[in-house]
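Colleague: Here's a structure for you.
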Amino acid sequence: MTTIQAFILAIIEGITEFLPVSSTGHMILASSFFGIEHDEFTKLFTIVIQLGAILSVIVLYFKRFFQTFEFYFKILVGFIPAVILGLLFAKKIDALLENPVTVAVSLLIGGILLLKVDDWFGNSNETEITYPTAFKIGLFQCIAMIPGVSRSGASIVGGMSQKLSRSAAAEFSFFLAVPTMFGATIKKCYDYYKDGFVLTHDQINFLIIGNIVAFIVALIAIKTFIGFISKNGFKVFGYYRIIAGITLLIFHFFVHSLTII
């Protein structure tokens, strides 16, 4: 990995983390496209720079994080399913992270579903999130353990399925990302250390650059996304995912490589 490649991956992370298009999937594909080796550090990098992106949530919604303890309890309830399934299937998830076809198929299927989600659930005005609603959204979020599904997309659809408005579902998805991504980062760093890997000076710099860039780009992406989906819904993201998924499958089966030499 080079500094430029780290910079590009961080931009992709910042743009896609809170959009229903799968940030992890896009970074896996970008890594393949630019010939970045799928080694343990690349896996670590794609997880750790999510910290920069979720920090943007705390900055943008600072006051919401200091209102009531009930706010934290609801986030905790939504976070529990990811903790349990993440610990149970960590190795299988790691294996899926190496498979571009999984990402492509997930993009395609998710895109088809996003074309229908507005018709299925409409645009309710409900903003109140109960504990059962938080837990069900957490279950939806777990689907995104499959690369290419999109954590934000799954949890937003989960919220809309519980009659939440688009903006309320999206905002709770952002809040739920904080413990989810923080927990995933801690787990990945621990595993990296436990396996005997040591970060080099360059790798530390890559992580610093990645988090700063992801933070700045995510700030812009979140503010733009909320306004866009409130007015336009999710169909544009559905079409994007379908086009991206089909294109990637064509590359894989007919070009036989996603890597540019």
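Following the order of the structure tokens, chains are lettered A, B, ..., residues in each are numbered from 1, and ligands are numbered from 1.
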What lies within 9 Å of range 45-59 of chain A using only C-alpha atoms, ignoring chain neighbours under 3 positions off, as a VMD selection string?
Modeller: chain A and resid 6 9 to 10 13 to 15 17 to 18 23 to 24 27 to 28 40 to 42 62 to 65 174 to 175 177 to 178 181 to 182 184 to 186 188 to 189 203 206 to 219 222
Colleague: Produce a table with one row for each residue of range 100-130 of chain A that has an atom at most 10 Å from any atom of range 227-235 of chain A, each row naming the nearest atom pair and its distance in Å at one decimal; use only C-alpha atoms; arrange rows by chain and rising residue number; format as a Markdown table.
Modeller:
| residue | atom | partner | partner_atom | distance |
| --- | --- | --- | --- | --- |
| A:Gly111 | CA | A:Lys235 | CA | 8.3 |
| A:Ile112 | CA | A:Lys235 | CA | 9.0 |
| A:Leu113 | CA | A:Lys235 | CA | 9.2 |
| A:Leu114 | CA | A:Phe234 | CA | 5.9 |
| A:Leu115 | CA | A:Lys235 | CA | 4.7 |
| A:Lys116 | CA | A:Lys235 | CA | 7.7 |
| A:Val117 | CA | A:Phe234 | CA | 7.4 |
| A:Asp118 | CA | A:Gly233 | CA | 6.5 |
| A:Asp119 | CA | A:Gly233 | CA | 9.8 |
| A:Gly122 | CA | A:Gly233 | CA | 9.2 |
| A:Asn123 | CA | A:Ser230 | CA | 8.4 |
Colleague: Determine, counting only C-alpha atoms, which protein, DNA and RNA residues have an atom within 6 Å of an atom of range 78-87 of chain A; residues of the same chain fewer than 6 positions away are not included. Present the result as number ranges by chain.
Modeller: A: 134-135, 138-139, 142
Colleague: Hey, can you check how far CA of Thr224 in chain A sits from CA of Ala104 in chain A?
Modeller: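 CA of Ala104 in chain A lies at a distance of 25.6 Å from CA of Thr224 in chain A.
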Colleague: Using DSSP on the backbone, list every residue of range 61-142 of chain A that comes out as helix (DSSP H, G or I), and give them as a ChimeraX atom specification.
Modeller: /A:62-66,69-88,90-96,100-121,131-142
Colleague: Would you kindly return, as an mmCIF file with C-alpha atoms, in the first residue's frame, each protein, DNA or RNA residue with an atom no farther than 8 Å from any atom of Gly158 in chain A, considering only C-alpha atoms and excluding same-chain residues fewer than 2 positions away?
Modeller:
data_model
loop_
_atom_site.group_PDB
_atom_site.id
_atom_site.type_symbol
_atom_site.label_atom_id
_atom_site.label_comp_id
_atom_site.auth_asym_id
_atom_site.auth_seq_id
_atom_site.Cartn_x
_atom_site.Cartn_y
_atom_site.Cartn_z
ATOM 1 C CA LYS A 136 -34.934 -5.447 15.348
ATOM 2 C CA ILE A 137 -32.801 -2.819 13.608
ATOM 3 C CA PHE A 140 -31.072 -6.203 10.266
ATOM 4 C CA GLN A 141 -27.628 -4.683 10.746
ATOM 5 C CA ALA A 154 -29.501 -2.910 6.149
ATOM 6 C CA SER A 155 -30.130 -0.964 9.342
ATOM 7 C CA ILE A 156 -31.995 1.853 7.552
ATOM 8 C CA MET A 160 -38.219 1.693 7.868
ATOM 9 C CA SER A 161 -39.692 -1.789 8.258
ATOM 10 C CA GLN A 162 -40.593 -0.692 11.790
ATOM 11 C CA ALA A 169 -34.063 5.367 10.399
#
Colleague: Report as a PyMOL selection string all protein, DNA and RNA residues lying within 10 Å of Ile36 in chain A, evaluated on only C-alpha atoms, omitting residues in the same chain fewer than 5 positions from it.
Modeller: chain A and resi 1-2+5-6+28-31+42+259-260
Colleague: Show me, as a list in words, the residues that have an atom within 8 Å of Ala170 in chain A when counting only C-alpha atoms, minus same-chain residues fewer than 2 positions from it.
Modeller: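 Skipping anything fewer than 2 positions along the chain leaves Ser152, Ser155, Ile156, Gly159, Arg166, Ser167, Ala168, Phe172, Ser173, Phe174 and Ile226 of chain A.
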Colleague: Could you tell me which of A:Arg151, A:Lys43, A:Gly110, A:Lys163 comes closest to Ser124 in chain A if we count only C-alpha atoms?
Modeller: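 Between A:Arg151, A:Lys43, A:Gly110, A:Lys163, the residue approaching Ser124 in chain A most closely is A:Lys163.
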